[in-house]
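Data from final.pdb: PDB, C-alpha atoms
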ATOM      1  CA  MET A 940      -0.037  10.819 -32.851
ATOM      2  CA  GLU A 941      -1.172   9.240 -29.575
ATOM      3  CA  LYS A 942      -1.158   5.859 -31.267
ATOM      4  CA  LEU A 943       2.449   6.360 -32.376
ATOM      5  CA  ILE A 944       3.506   7.395 -28.869
ATOM      6  CA  PHE A 945       1.738   4.352 -27.416
ATOM      7  CA  TYR A 946       3.562   1.992 -29.771
ATOM      8  CA  ILE A 947       6.923   3.613 -29.017
ATOM      9  CA  LEU A 948       6.231   3.265 -25.286
ATOM     10  CA  ALA A 949       5.169  -0.358 -25.733
ATOM     11  CA  VAL A 950       8.335  -1.252 -27.640
ATOM     12  CA  ILE A 951      10.523   0.484 -25.048
ATOM     13  CA  MET A 952       8.716  -1.272 -22.179
ATOM     14  CA  ILE A 953       8.909  -4.754 -23.685
ATOM     15  CA  ALA A 954      12.564  -4.377 -24.687
ATOM     16  CA  SER A 955      13.514  -3.051 -21.239
ATOM     17  CA  ALA A 956      11.557  -5.815 -19.491
ATOM     18  CA  VAL A 957      13.338  -8.499 -21.528
ATOM     19  CA  ALA A 958      16.669  -6.847 -20.756
ATOM     20  CA  ALA A 959      15.764  -6.586 -17.050
ATOM     21  CA  VAL A 960      15.107 -10.311 -16.693
ATOM     22  CA  SER A 961      18.031 -11.428 -18.864
ATOM     23  CA  SER A 962      20.849  -8.984 -18.073
ATOM     24  CA  ARG A 963      23.709 -10.608 -16.205
ATOM     25  CA  LYS A 964      24.737  -7.483 -14.347
ATOM     26  CA  MET A 965      22.385  -6.726 -11.515
ATOM     27  CA  LEU A 966      22.653  -2.949 -11.507
ATOM     28  CA  ARG A 967      21.851  -2.842 -15.217
ATOM     29  CA  SER A 968      18.738  -4.936 -14.754
ATOM     30  CA  VAL A 969      17.529  -2.512 -12.053
ATOM     31  CA  VAL A 970      18.017   0.393 -14.458
ATOM     32  CA  TYR A 971      16.069  -1.480 -17.154
ATOM     33  CA  LEU A 972      13.282  -1.984 -14.613
ATOM     34  CA  LEU A 973      13.321   1.798 -14.123
ATOM     35  CA  PHE A 974      12.656   2.247 -17.859
ATOM     36  CA  VAL A 975       9.661  -0.108 -17.655
ATOM     37  CA  LEU A 976       8.224   1.833 -14.711
ATOM     38  CA  ILE A 977       8.698   5.176 -16.449
ATOM     39  CA  GLY A 978       6.986   3.740 -19.542
ATOM     40  CA  ALA A 979       4.027   2.758 -17.351
ATOM     41  CA  ALA A 980       3.907   6.329 -16.038
ATOM     42  CA  GLY A 981       3.825   7.497 -19.657
ATOM     43  CA  LEU A 982       0.812   5.229 -20.268
ATOM     44  CA  TYR A 983      -0.972   6.791 -17.291
ATOM     45  CA  PHE A 984      -0.245  10.269 -18.622
ATOM     46  CA  GLN A 985      -1.715   9.212 -21.976
ATOM     47  CA  MET A 986      -4.834   7.923 -20.235
ATOM     48  CA  ASP A 987      -5.234  11.283 -18.488
ATOM     49  CA  TYR A 988      -4.588   9.971 -14.980
ATOM     50  CA  ASN A 989      -2.043  12.622 -14.043
ATOM     51  CA  PHE A 990      -2.178  11.968 -10.295
ATOM     52  CA  LEU A 991      -1.523   8.258 -10.727
ATOM     53  CA  ALA A 992       1.355   8.958 -13.107
ATOM     54  CA  ALA A 993       2.900  11.305 -10.557
ATOM     55  CA  ILE A 994       2.539   8.617  -7.863
ATOM     56  CA  GLN A 995       4.095   6.055 -10.193
ATOM     57  CA  LEU A 996       7.055   8.328 -10.853
ATOM     58  CA  THR A 997       7.656   9.281  -7.221
ATOM     59  CA  VAL A 998       6.940   5.991  -5.432
ATOM     60  CA  TYR A 999       8.112   3.431  -7.989
ATOM     61  CA  ALA A1000      10.756   5.219 -10.020
ATOM     62  CA  GLY A1001      11.879   7.393  -7.137
ATOM     63  CA  GLY A1002      11.511   5.137  -4.116
ATOM     64  CA  VAL A1003      11.456   1.457  -4.979
ATOM     65  CA  VAL A1004      14.168   1.556  -7.635
ATOM     66  CA  VAL A1005      16.489   3.607  -5.429
ATOM     67  CA  LEU A1006      15.892   1.119  -2.593
ATOM     68  CA  ILE A1007      16.772  -1.834  -4.832
ATOM     69  CA  ILE A1008      19.854  -0.010  -6.160
ATOM     70  CA  PHE A1009      21.001   0.614  -2.586
ATOM     71  CA  SER A1010      20.584  -3.047  -1.698
ATOM     72  CA  VAL A1011      22.520  -4.085  -4.821
ATOM     73  CA  LEU A1012      25.333  -1.716  -3.908
ATOM     74  CA  LEU A1013      25.371  -2.966  -0.310
ATOM     75  CA  ILE A1014      25.477  -6.596  -1.364
ATOM     76  CA  GLN A1015      27.459  -6.965  -4.560
ATOM     77  CA  HIS A1016      30.217  -5.462  -6.559
ATOM     78  CA  ILE A1017      28.918  -3.574  -9.561
ATOM     79  CA  GLU A1018      30.835  -5.566 -12.128
ATOM     80  CA  MET A1019      30.028  -8.970 -10.650
ATOM     81  CA  GLU A1020      28.240 -11.242 -13.107
ATOM     82  CA  LEU A1021      25.288 -13.373 -12.097
ATOM     83  CA  GLU A1022      25.028 -17.038 -12.742
ATOM     84  CA  VAL A1023      22.214 -17.942 -15.081
ATOM     85  CA  ALA A1024      20.015 -21.009 -15.254
ATOM     86  CA  LYS A1025      20.917 -23.853 -17.545
ATOM     87  CA  LYS A1026      19.908 -23.623 -21.178
ATOM     88  CA  TYR A1027      17.299 -26.366 -21.085
ATOM     89  CA  ARG A1028      15.708 -24.900 -17.958
ATOM     90  CA  GLN A1029      15.597 -21.497 -19.622
ATOM     91  CA  SER A1030      13.961 -22.907 -22.724
ATOM     92  CA  ILE A1031      11.439 -24.918 -20.699
ATOM     93  CA  SER A1032      10.391 -21.861 -18.687
ATOM     94  CA  ALA A1033      10.249 -19.733 -21.838
ATOM     95  CA  LEU A1034       8.007 -22.364 -23.416
ATOM     96  CA  LEU A1035       5.753 -22.432 -20.341
ATOM     97  CA  CYS A1036       5.503 -18.631 -20.340
ATOM     98  CA  LEU A1037       4.679 -18.593 -24.064
ATOM     99  CA  MET A1038       1.928 -21.164 -23.484
ATOM    100  CA  GLY A1039       0.474 -19.088 -20.652
ATOM    101  CA  LEU A1040       0.725 -15.934 -22.746
ATOM    102  CA  SER A1041      -1.078 -17.514 -25.695
ATOM    103  CA  LEU A1042      -3.830 -18.755 -23.363
ATOM    104  CA  VAL A1043      -4.301 -15.290 -21.842
ATOM    105  CA  LEU A1044      -4.227 -13.593 -25.257
ATOM    106  CA  ALA A1045      -6.783 -16.056 -26.639
ATOM    107  CA  THR A1046      -9.048 -15.281 -23.685
ATOM    108  CA  ILE A1047      -8.604 -11.519 -24.118
ATOM    109  CA  TYR A1048      -9.362 -11.564 -27.844
ATOM    110  CA  ALA A1049     -12.326 -13.895 -27.403
ATOM    111  CA  HIS A1050     -13.966 -11.657 -24.806
ATOM    112  CA  PRO A1051     -16.090  -8.827 -26.241
ATOM    113  CA  PHE A1052     -15.060  -5.723 -24.298
ATOM    114  CA  GLU A1053     -17.673  -2.998 -24.482
ATOM    115  CA  ALA A1054     -15.536   0.104 -24.421
ATOM    116  CA  THR A1055     -17.731   3.119 -23.820
ATOM    117  CA  GLY A1056     -15.590   5.580 -25.731
ATOM    118  CA  VAL A1057     -16.378   8.341 -23.257
ATOM    119  CA  THR A1058     -13.396  10.442 -22.239
ATOM    120  CA  THR A1059     -13.664  12.019 -18.834
ATOM    121  CA  THR A1060     -10.911  13.943 -17.088
ATOM    122  CA  THR A1061     -10.237  12.927 -13.498
ATOM    123  CA  THR A1062      -8.989  15.729 -11.333
ATOM    124  CA  THR A1063      -6.878  15.231  -8.235
ATOM    125  CA  ALA A1064      -9.620  16.795  -6.111
ATOM    126  CA  GLU A1065     -12.048  14.038  -7.131
ATOM    127  CA  VAL A1066      -9.462  11.392  -6.212
ATOM    128  CA  GLY A1067      -8.935  12.972  -2.805
ATOM    129  CA  ARG A1068     -12.680  13.189  -2.131
ATOM    130  CA  ALA A1069     -13.176   9.528  -3.113
ATOM    131  CA  LEU A1070     -10.272   8.435  -0.911
ATOM    132  CA  LEU A1071     -11.622  10.223   2.148
ATOM    133  CA  SER A1072     -15.380   9.850   1.703
ATOM    134  CA  THR A1073     -17.259   7.911   4.375
ATOM    135  CA  GLU A1074     -20.310   7.300   2.187
ATOM    136  CA  LYS A1075     -21.117   4.184   0.186
ATOM    137  CA  GLY A1076     -18.236   3.379  -2.134
ATOM    138  CA  GLY A1077     -15.868   5.577  -0.159
ATOM    139  CA  PHE A1078     -12.342   4.448   0.514
ATOM    140  CA  ILE A1079     -11.705   5.875   3.989
ATOM    141  CA  LEU A1080     -11.247   2.465   5.677
ATOM    142  CA  PRO A1081      -8.693   1.015   3.206
ATOM    143  CA  PHE A1082      -6.937   4.375   3.267
ATOM    144  CA  GLU A1083      -6.460   4.202   7.038
ATOM    145  CA  VAL A1084      -5.536   0.506   6.899
ATOM    146  CA  ILE A1085      -2.881   1.202   4.274
ATOM    147  CA  SER A1086      -1.392   3.944   6.444
ATOM    148  CA  VAL A1087      -1.128   1.504   9.383
ATOM    149  CA  LEU A1088       0.375  -1.075   7.008
ATOM    150  CA  LEU A1089       3.015   1.384   5.807
ATOM    151  CA  LEU A1090       3.910   2.325   9.389
ATOM    152  CA  SER A1091       4.220  -1.300  10.484
ATOM    153  CA  ALA A1092       6.232  -2.187   7.371
ATOM    154  CA  MET A1093       8.597   0.676   8.124
ATOM    155  CA  ILE A1094       9.101  -0.405  11.739
ATOM    156  CA  GLY A1095       9.464  -4.041  10.676
ATOM    157  CA  ALA A1096      12.043  -3.164   8.030
ATOM    158  CA  ILE A1097      14.088  -1.215  10.580
ATOM    159  CA  VAL A1098      13.929  -4.057  13.126
ATOM    160  CA  ILE A1099      14.834  -6.740  10.577
ATOM    161  CA  ALA A1100      17.641  -4.797   8.918
ATOM    162  CA  LYS A1101      19.130  -3.847  12.280
ATOM    163  CA  GLY A1102      19.450  -7.518  13.199
ATOM    164  CA  GLY A1103      20.426  -9.007  16.532
ATOM    165  CA  ASN A1104      23.330  -7.987  18.735
ATOM    166  CA  GLU A1105      25.662 -10.726  17.633
ATOM    167  CA  ILE A1106      26.203 -11.335  13.956
ATOM    168  CA  GLU A1107      26.608 -14.994  13.159
ATOM    169  CA  LYS A1108      29.540 -16.098  11.095
ATOM    170  CA  SER A1109      28.885 -17.848   7.843
ATOM    171  CA  PRO A1110      28.571 -21.661   8.136
ATOM    172  CA  LEU A1111      31.837 -22.242   6.288
ATOM    173  CA  GLU A1112      33.799 -20.023   8.650
ATOM    174  CA  LYS A1113      32.127 -21.762  11.589
ATOM    175  CA  ILE A1114      33.215 -25.205  10.391
ATOM    176  CA  GLU A1115      36.768 -23.987   9.805
ATOM    177  CA  ALA A1116      36.858 -22.431  13.260
ATOM    178  CA  GLU A1117      35.657 -25.704  14.810
ATOM    179  CA  LYS A1118      38.351 -27.662  12.951
ATOM    180  CA  LEU A1119      40.983 -25.206  14.128
ATOM    181  CA  LEU A1120      39.751 -25.558  17.715
ATOM    182  CA  GLU A1121      39.952 -29.376  17.525
ATOM    183  CA  GLU A1122      43.520 -29.239  16.190
ATOM    184  CA  ILE A1123      44.584 -26.900  18.951
ATOM    185  CA  THR A1124      43.041 -29.102  21.655
ATOM    186  CA  LYS A1125      44.753 -32.177  20.121
ATOM    187  CA  GLU A1126      48.093 -30.406  20.118
ATOM    188  CA  VAL A1127      47.638 -29.367  23.706
ATOM    189  CA  GLU A1128      46.776 -32.946  24.710
ATOM    190  CA  THR A1129      49.767 -34.425  22.884
ATOM    191  CA  GLU A1130      51.995 -31.857  24.497
ATOM    192  CA  LYS A1131      50.576 -32.660  27.902
ATOM    193  CA  VAL A1132      51.209 -36.422  27.659
ATOM    194  CA  PRO A1133      55.033 -36.315  27.534
ATOM    195  CA  GLU A1134      55.104 -33.871  30.429
ATOM    196  CA  GLU A1135      53.107 -36.312  32.549
ATOM    197  CA  ASN A1136      55.491 -39.126  31.512
ATOM    198  CA  ILE A1137      58.442 -37.055  32.573
ATOM    199  CA  GLY A1138      56.732 -36.395  35.885
ATOM    200  CA  VAL A1139      56.183 -40.140  36.442
TER     201      VAL A1139
ATOM    202  CA  MET B 460      -8.784   6.470 -23.157
ATOM    203  CA  ILE B 461      -5.970   6.760 -25.643
ATOM    204  CA  PRO B 462      -7.391   7.819 -29.029
ATOM    205  CA  GLY B 463      -6.871   5.162 -31.689
ATOM    206  CA  VAL B 464      -5.707   2.469 -29.300
ATOM    207  CA  SER B 465      -8.142  -0.285 -28.390
ATOM    208  CA  ILE B 466      -8.287  -1.968 -24.990
ATOM    209  CA  ASN B 467      -7.102  -5.252 -26.521
ATOM    210  CA  GLU B 468      -3.771  -3.764 -27.542
ATOM    211  CA  ILE B 469      -3.020  -2.434 -24.053
ATOM    212  CA  LEU B 470      -4.078  -5.731 -22.462
ATOM    213  CA  THR B 471      -1.780  -7.535 -24.910
ATOM    214  CA  LEU B 472       1.109  -5.293 -23.849
ATOM    215  CA  THR B 473       0.440  -5.890 -20.156
ATOM    216  CA  SER B 474       0.127  -9.656 -20.527
ATOM    217  CA  ILE B 475       3.419  -9.803 -22.463
ATOM    218  CA  LEU B 476       5.099  -7.824 -19.667
ATOM    219  CA  PHE B 477       3.471 -10.068 -17.044
ATOM    220  CA  PHE B 478       4.821 -13.255 -18.587
ATOM    221  CA  ILE B 479       8.277 -11.700 -19.023
ATOM    222  CA  GLY B 480       8.134 -11.111 -15.259
ATOM    223  CA  VAL B 481       7.051 -14.716 -14.640
ATOM    224  CA  TYR B 482       9.937 -15.936 -16.823
ATOM    225  CA  GLY B 483      12.406 -13.895 -14.785
ATOM    226  CA  PHE B 484      10.859 -15.166 -11.557
ATOM    227  CA  ILE B 485      11.409 -18.773 -12.641
ATOM    228  CA  THR B 486      14.881 -18.527 -14.165
ATOM    229  CA  ARG B 487      16.707 -16.059 -11.912
ATOM    230  CA  LYS B 488      18.795 -17.474  -9.075
ATOM    231  CA  ASN B 489      19.333 -14.360  -7.049
ATOM    232  CA  LEU B 490      16.995 -12.853  -4.456
ATOM    233  CA  ILE B 491      17.286  -9.283  -5.758
ATOM    234  CA  SER B 492      16.627 -10.359  -9.342
ATOM    235  CA  ILE B 493      13.541 -12.237  -8.157
ATOM    236  CA  LEU B 494      12.423  -9.045  -6.391
ATOM    237  CA  ILE B 495      12.829  -7.144  -9.669
ATOM    238  CA  SER B 496      10.646  -9.715 -11.458
ATOM    239  CA  VAL B 497       7.979  -9.406  -8.753
ATOM    240  CA  GLU B 498       7.988  -5.635  -9.256
ATOM    241  CA  LEU B 499       7.404  -6.181 -12.987
ATOM    242  CA  ILE B 500       4.440  -8.471 -12.292
ATOM    243  CA  LEU B 501       2.878  -6.067  -9.776
ATOM    244  CA  ASN B 502       3.328  -3.142 -12.135
ATOM    245  CA  THR B 503       1.542  -4.885 -14.993
ATOM    246  CA  SER B 504      -1.376  -5.700 -12.696
ATOM    247  CA  VAL B 505      -1.589  -2.012 -11.787
ATOM    248  CA  ILE B 506      -1.682  -1.067 -15.478
ATOM    249  CA  ASN B 507      -4.465  -3.611 -16.027
ATOM    250  CA  PHE B 508      -6.585  -2.124 -13.230
ATOM    251  CA  VAL B 509      -6.156   1.374 -14.643
ATOM    252  CA  VAL B 510      -6.853   0.378 -18.246
ATOM    253  CA  ILE B 511     -10.029  -1.522 -17.429
ATOM    254  CA  ASN B 512     -11.247   1.357 -15.284
ATOM    255  CA  LYS B 513     -10.546   3.898 -18.023
ATOM    256  CA  TYR B 514     -11.979   1.979 -20.969
ATOM    257  CA  LEU B 515     -14.987   0.185 -19.485
ATOM    258  CA  TYR B 516     -16.112   2.350 -16.542
ATOM    259  CA  PRO B 517     -14.718   5.856 -17.130
ATOM    260  CA  GLU B 518     -17.172   7.516 -14.731
ATOM    261  CA  LEU B 519     -15.982   5.456 -11.728
ATOM    262  CA  LEU B 520     -12.733   5.741  -9.804
ATOM    263  CA  GLN B 521     -12.489   2.328  -8.133
ATOM    264  CA  GLY B 522      -9.817   0.815 -10.377
ATOM    265  CA  MET B 523      -7.553   3.817 -10.035
ATOM    266  CA  LEU B 524      -7.872   3.883  -6.229
ATOM    267  CA  TYR B 525      -7.124   0.166  -6.094
ATOM    268  CA  SER B 526      -4.013   0.760  -8.159
ATOM    269  CA  ILE B 527      -2.897   3.398  -5.626
ATOM    270  CA  PHE B 528      -3.321   0.802  -2.880
ATOM    271  CA  ILE B 529      -1.389  -1.780  -4.904
ATOM    272  CA  ILE B 530       1.462   0.710  -5.327
ATOM    273  CA  ALA B 531       1.514   1.350  -1.561
ATOM    274  CA  VAL B 532       1.542  -2.385  -0.766
ATOM    275  CA  ALA B 533       4.309  -2.920  -3.329
ATOM    276  CA  ALA B 534       6.409  -0.196  -1.718
ATOM    277  CA  ALA B 535       5.957  -1.754   1.746
ATOM    278  CA  GLU B 536       6.763  -5.200   0.339
ATOM    279  CA  THR B 537       9.939  -3.930  -1.316
ATOM    280  CA  ALA B 538      11.168  -2.252   1.868
ATOM    281  CA  LEU B 539      10.610  -5.438   3.898
ATOM    282  CA  ALA B 540      12.151  -7.656   1.213
ATOM    283  CA  VAL B 541      15.266  -5.485   1.002
ATOM    284  CA  ALA B 542      15.617  -5.572   4.805
ATOM    285  CA  ILE B 543      15.320  -9.377   4.816
ATOM    286  CA  ILE B 544      17.803  -9.732   1.937
ATOM    287  CA  ILE B 545      20.377  -7.545   3.704
ATOM    288  CA  ASN B 546      19.933  -9.552   6.918
ATOM    289  CA  ILE B 547      20.369 -12.846   5.020
ATOM    290  CA  TYR B 548      23.499 -11.453   3.392
ATOM    291  CA  ARG B 549      24.942 -10.541   6.776
ATOM    292  CA  ARG B 550      24.222 -14.009   8.138
ATOM    293  CA  THR B 551      25.242 -16.215   5.222
ATOM    294  CA  GLY B 552      27.389 -13.959   3.039
ATOM    295  CA  SER B 553      25.372 -14.630  -0.093
ATOM    296  CA  VAL B 554      22.034 -13.767  -1.706
ATOM    297  CA  ALA B 555      21.774 -16.795  -3.975
ATOM    298  CA  VAL B 556      18.567 -18.761  -3.583
ATOM    299  CA  ARG B 557      20.466 -22.039  -3.300
ATOM    300  CA  GLU B 558      22.304 -20.935  -0.181
ATOM    301  CA  THR B 559      19.267 -19.706   1.725
ATOM    302  CA  GLU B 560      17.605 -23.058   2.215
ATOM    303  CA  THR B 561      17.591 -22.818   6.006
ATOM    304  CA  MET B 562      15.806 -19.801   7.422
ATOM    305  CA  LYS B 563      16.100 -20.579  11.137
ATOM    306  CA  HIS B 564      17.230 -17.874  13.446
TER     307      HIS B 564
END
Is it possible to give me this structure as structure tokens?
Amino acid sequence: MEKLIFYILAVIMIASAVAAVSSRKMLRSVVYLLFVLIGAAGLYFQMDYNFLAAIQLTVYAGGVVVLIIFSVLLIQHIEMELEVAKKYRQSISALLCLMGLSLVLATIYAHPFEATGVTTTTTTAEVGRALLSTEKGGFILPFEVISVLLLSAMIGAIVIAKGGNEIEKSPLEKIEAEKLLEEITKEVETEKVPEENIGV
Amino acid sequence: MIPGVSINEILTLTSILFFIGVYGFITRKNLISILISVELILNTSVINFVVINKYLYPELLQGMLYSIFIIAVAAAETALAVAIIINIYRRTGSVAVRETETMKH
């Protein structure tokens, strides 16, 4: 039964990942990414890491995907289609990825993994104790560092997204504005010349 | 561990997903699509950490805690990347990679 569920999850994840990197509509590819992340959470549930699966669902599926969807909605129209790479570039990169994949798979199947076969249940209390323990092998220092990192990333994101006071125009608009300015100054000069002649 | 499923099968799944992410990273021409591919790659690395912890060292917790840290770093990275992408869009009016060749202020 677990084997069947694993294979179903694997098929869903691979199909959604392929769709996510090849879909021409950006919002759809974000939703396909969401399916991959939920499939990963399903794998964690199968491996009896309930806490990690909950984190995966809340942080990745709840936070990251919503953030990317917001940026897509801020930046593009939903129905806008993306340009894709040329066919020969696509096939070359697919070939490169297949070569890398075969290399990695050959390495994985050549290496004798010694799976212990022991099944232990990890409770959330154990995870919390390991995260906050100050003894050898404890994770208190990375835990604090990651909290500082999250705070600084949050402040940095606010500062960057807020931007400066003046918002620059796009380069094209700038060039057009400069051209317009030159034409106006030329017109003014040509208008001035006859007036001076009249004066003389 | 998942009964009936060997570690090789899960590692095969994660490496296939990883190289799908690499393919998207190479071929996509849009900053947000590249961000999506990076998320795929990071997620497969998290699955690898968890699987190796569960199958080879089930009495330890190190791999799982590392995966929590990777998830936190990925969330911070996504927030910063989205902020940068929105700022680039406000400055240049586009999020295509080709049109962001100059990054000066």
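All of the residues in chain A within 6 Å of chain B are Lys942, Val960, Met986, Ala1024, Cys1036, Ala1054, Thr1055, Leu1089, Ala1092, Ala1096, Ile1099, Ala1100, Glu1107 and Ser1109 of chain A, where only C-alpha atoms were counted.
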### Task
Starting from the shown file, work through the PyMOL selection byres ((chain A and resi 966) around 8) and note down what comes out as a ChimeraX atom specification.
/A:964-965,967-970,1008,1011,1017
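In this structure, atom CA of Arg1068 of chain A sits 25.6 Å away from atom CA of Ser1091 of chain A.
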### Message
Suppose a student applies the PyMOL selection byres ((chain A and resi 1069) around 12) to this structure; what residues should they get, written as a ChimeraX atom specification?
### Response
/A:1061-1068,1070-1082 /B:519-525
Using 4 Å of padding on each side, determine the axis-aligned box around all atoms of segment 551-560 of chain B present in the file and give its centre and edge lengths in Å to one decimal, as lines of an AutoDock Vina configuration file.
center_x = 22.5
center_y = -18.4
center_z = 0.6
size_x = 17.8
size_y = 17.3
size_z = 17.2
Write segment 968-995 of chain A as a PDB file, keeping the file's coordinate frame, completed to N, CA and C atoms.
ATOM      1  N   SER A 968      20.124  -4.467 -14.682  1.00  0.00           N
ATOM      2  CA  SER A 968      18.738  -4.936 -14.754  1.00  0.00           C
ATOM      3  C   SER A 968      17.830  -4.042 -13.913  1.00  0.00           C
ATOM      4  N   VAL A 969      18.357  -3.462 -12.815  1.00  0.00           N
ATOM      5  CA  VAL A 969      17.529  -2.512 -12.053  1.00  0.00           C
ATOM      6  C   VAL A 969      17.234  -1.273 -12.890  1.00  0.00           C
ATOM      7  N   VAL A 970      18.238  -0.804 -13.647  1.00  0.00           N
ATOM      8  CA  VAL A 970      18.017   0.393 -14.458  1.00  0.00           C
ATOM      9  C   VAL A 970      17.017   0.102 -15.580  1.00  0.00           C
ATOM     10  N   TYR A 971      17.077  -1.121 -16.138  1.00  0.00           N
ATOM     11  CA  TYR A 971      16.069  -1.480 -17.154  1.00  0.00           C
ATOM     12  C   TYR A 971      14.671  -1.520 -16.556  1.00  0.00           C
ATOM     13  N   LEU A 972      14.579  -2.005 -15.299  1.00  0.00           N
ATOM     14  CA  LEU A 972      13.282  -1.984 -14.613  1.00  0.00           C
ATOM     15  C   LEU A 972      12.773  -0.550 -14.488  1.00  0.00           C
ATOM     16  N   LEU A 973      13.699   0.378 -14.218  1.00  0.00           N
ATOM     17  CA  LEU A 973      13.321   1.798 -14.123  1.00  0.00           C
ATOM     18  C   LEU A 973      12.689   2.280 -15.428  1.00  0.00           C
ATOM     19  N   PHE A 974      13.243   1.837 -16.579  1.00  0.00           N
ATOM     20  CA  PHE A 974      12.656   2.247 -17.859  1.00  0.00           C
ATOM     21  C   PHE A 974      11.233   1.703 -18.004  1.00  0.00           C
ATOM     22  N   VAL A 975      11.017   0.453 -17.569  1.00  0.00           N
ATOM     23  CA  VAL A 975       9.661  -0.108 -17.655  1.00  0.00           C
ATOM     24  C   VAL A 975       8.693   0.714 -16.811  1.00  0.00           C
ATOM     25  N   LEU A 976       9.120   1.089 -15.596  1.00  0.00           N
ATOM     26  CA  LEU A 976       8.224   1.833 -14.711  1.00  0.00           C
ATOM     27  C   LEU A 976       7.929   3.225 -15.269  1.00  0.00           C
ATOM     28  N   ILE A 977       8.933   3.859 -15.864  1.00  0.00           N
ATOM     29  CA  ILE A 977       8.698   5.176 -16.449  1.00  0.00           C
ATOM     30  C   ILE A 977       7.766   5.057 -17.657  1.00  0.00           C
ATOM     31  N   GLY A 978       7.913   3.958 -18.426  1.00  0.00           N
ATOM     32  CA  GLY A 978       6.986   3.740 -19.542  1.00  0.00           C
ATOM     33  C   GLY A 978       5.557   3.594 -19.058  1.00  0.00           C
ATOM     34  N   ALA A 979       5.370   2.898 -17.916  1.00  0.00           N
ATOM     35  CA  ALA A 979       4.027   2.758 -17.351  1.00  0.00           C
ATOM     36  C   ALA A 979       3.478   4.118 -16.951  1.00  0.00           C
ATOM     37  N   ALA A 980       4.349   4.973 -16.385  1.00  0.00           N
ATOM     38  CA  ALA A 980       3.907   6.329 -16.038  1.00  0.00           C
ATOM     39  C   ALA A 980       3.485   7.091 -17.295  1.00  0.00           C
ATOM     40  N   GLY A 981       4.207   6.876 -18.394  1.00  0.00           N
ATOM     41  CA  GLY A 981       3.825   7.497 -19.657  1.00  0.00           C
ATOM     42  C   GLY A 981       2.445   7.043 -20.119  1.00  0.00           C
ATOM     43  N   LEU A 982       2.148   5.743 -19.929  1.00  0.00           N
ATOM     44  CA  LEU A 982       0.812   5.229 -20.268  1.00  0.00           C
ATOM     45  C   LEU A 982      -0.258   5.928 -19.435  1.00  0.00           C
ATOM     46  N   TYR A 983       0.023   6.118 -18.134  1.00  0.00           N
ATOM     47  CA  TYR A 983      -0.972   6.791 -17.291  1.00  0.00           C
ATOM     48  C   TYR A 983      -1.186   8.233 -17.737  1.00  0.00           C
ATOM     49  N   PHE A 984      -0.087   8.904 -18.118  1.00  0.00           N
ATOM     50  CA  PHE A 984      -0.245  10.269 -18.622  1.00  0.00           C
ATOM     51  C   PHE A 984      -1.115  10.279 -19.875  1.00  0.00           C
ATOM     52  N   GLN A 985      -0.906   9.268 -20.749  1.00  0.00           N
ATOM     53  CA  GLN A 985      -1.715   9.212 -21.976  1.00  0.00           C
ATOM     54  C   GLN A 985      -3.182   8.979 -21.664  1.00  0.00           C
ATOM     55  N   MET A 986      -3.448   8.197 -20.595  1.00  0.00           N
ATOM     56  CA  MET A 986      -4.834   7.923 -20.235  1.00  0.00           C
ATOM     57  C   MET A 986      -5.435   9.012 -19.372  1.00  0.00           C
ATOM     58  N   ASP A 987      -4.717  10.116 -19.192  1.00  0.00           N
ATOM     59  CA  ASP A 987      -5.234  11.283 -18.488  1.00  0.00           C
ATOM     60  C   ASP A 987      -5.394  11.063 -16.985  1.00  0.00           C
ATOM     61  N   TYR A 988      -4.613  10.136 -16.431  1.00  0.00           N
ATOM     62  CA  TYR A 988      -4.588   9.971 -14.980  1.00  0.00           C
ATOM     63  C   TYR A 988      -3.298  10.607 -14.462  1.00  0.00           C
ATOM     64  N   ASN A 989      -3.301  11.934 -14.373  1.00  0.00           N
ATOM     65  CA  ASN A 989      -2.043  12.622 -14.043  1.00  0.00           C
ATOM     66  C   ASN A 989      -1.574  12.311 -12.632  1.00  0.00           C
ATOM     67  N   PHE A 990      -2.551  12.210 -11.694  1.00  0.00           N
ATOM     68  CA  PHE A 990      -2.178  11.968 -10.295  1.00  0.00           C
ATOM     69  C   PHE A 990      -1.500  10.611 -10.155  1.00  0.00           C
ATOM     70  N   LEU A 991      -2.095   9.606 -10.822  1.00  0.00           N
ATOM     71  CA  LEU A 991      -1.523   8.258 -10.727  1.00  0.00           C
ATOM     72  C   LEU A 991      -0.133   8.206 -11.369  1.00  0.00           C
ATOM     73  N   ALA A 992       0.035   8.943 -12.466  1.00  0.00           N
ATOM     74  CA  ALA A 992       1.355   8.958 -13.107  1.00  0.00           C
ATOM     75  C   ALA A 992       2.390   9.600 -12.193  1.00  0.00           C
ATOM     76  N   ALA A 993       1.963  10.666 -11.486  1.00  0.00           N
ATOM     77  CA  ALA A 993       2.900  11.305 -10.557  1.00  0.00           C
ATOM     78  C   ALA A 993       3.268  10.350  -9.424  1.00  0.00           C
ATOM     79  N   ILE A 994       2.249   9.601  -8.924  1.00  0.00           N
ATOM     80  CA  ILE A 994       2.539   8.617  -7.863  1.00  0.00           C
ATOM     81  C   ILE A 994       3.485   7.555  -8.384  1.00  0.00           C
ATOM     82  N   GLN A 995       3.225   7.086  -9.608  1.00  0.00           N
ATOM     83  CA  GLN A 995       4.095   6.055 -10.193  1.00  0.00           C
ATOM     84  C   GLN A 995       5.533   6.553 -10.274  1.00  0.00           C
TER      85      GLN A 995
END
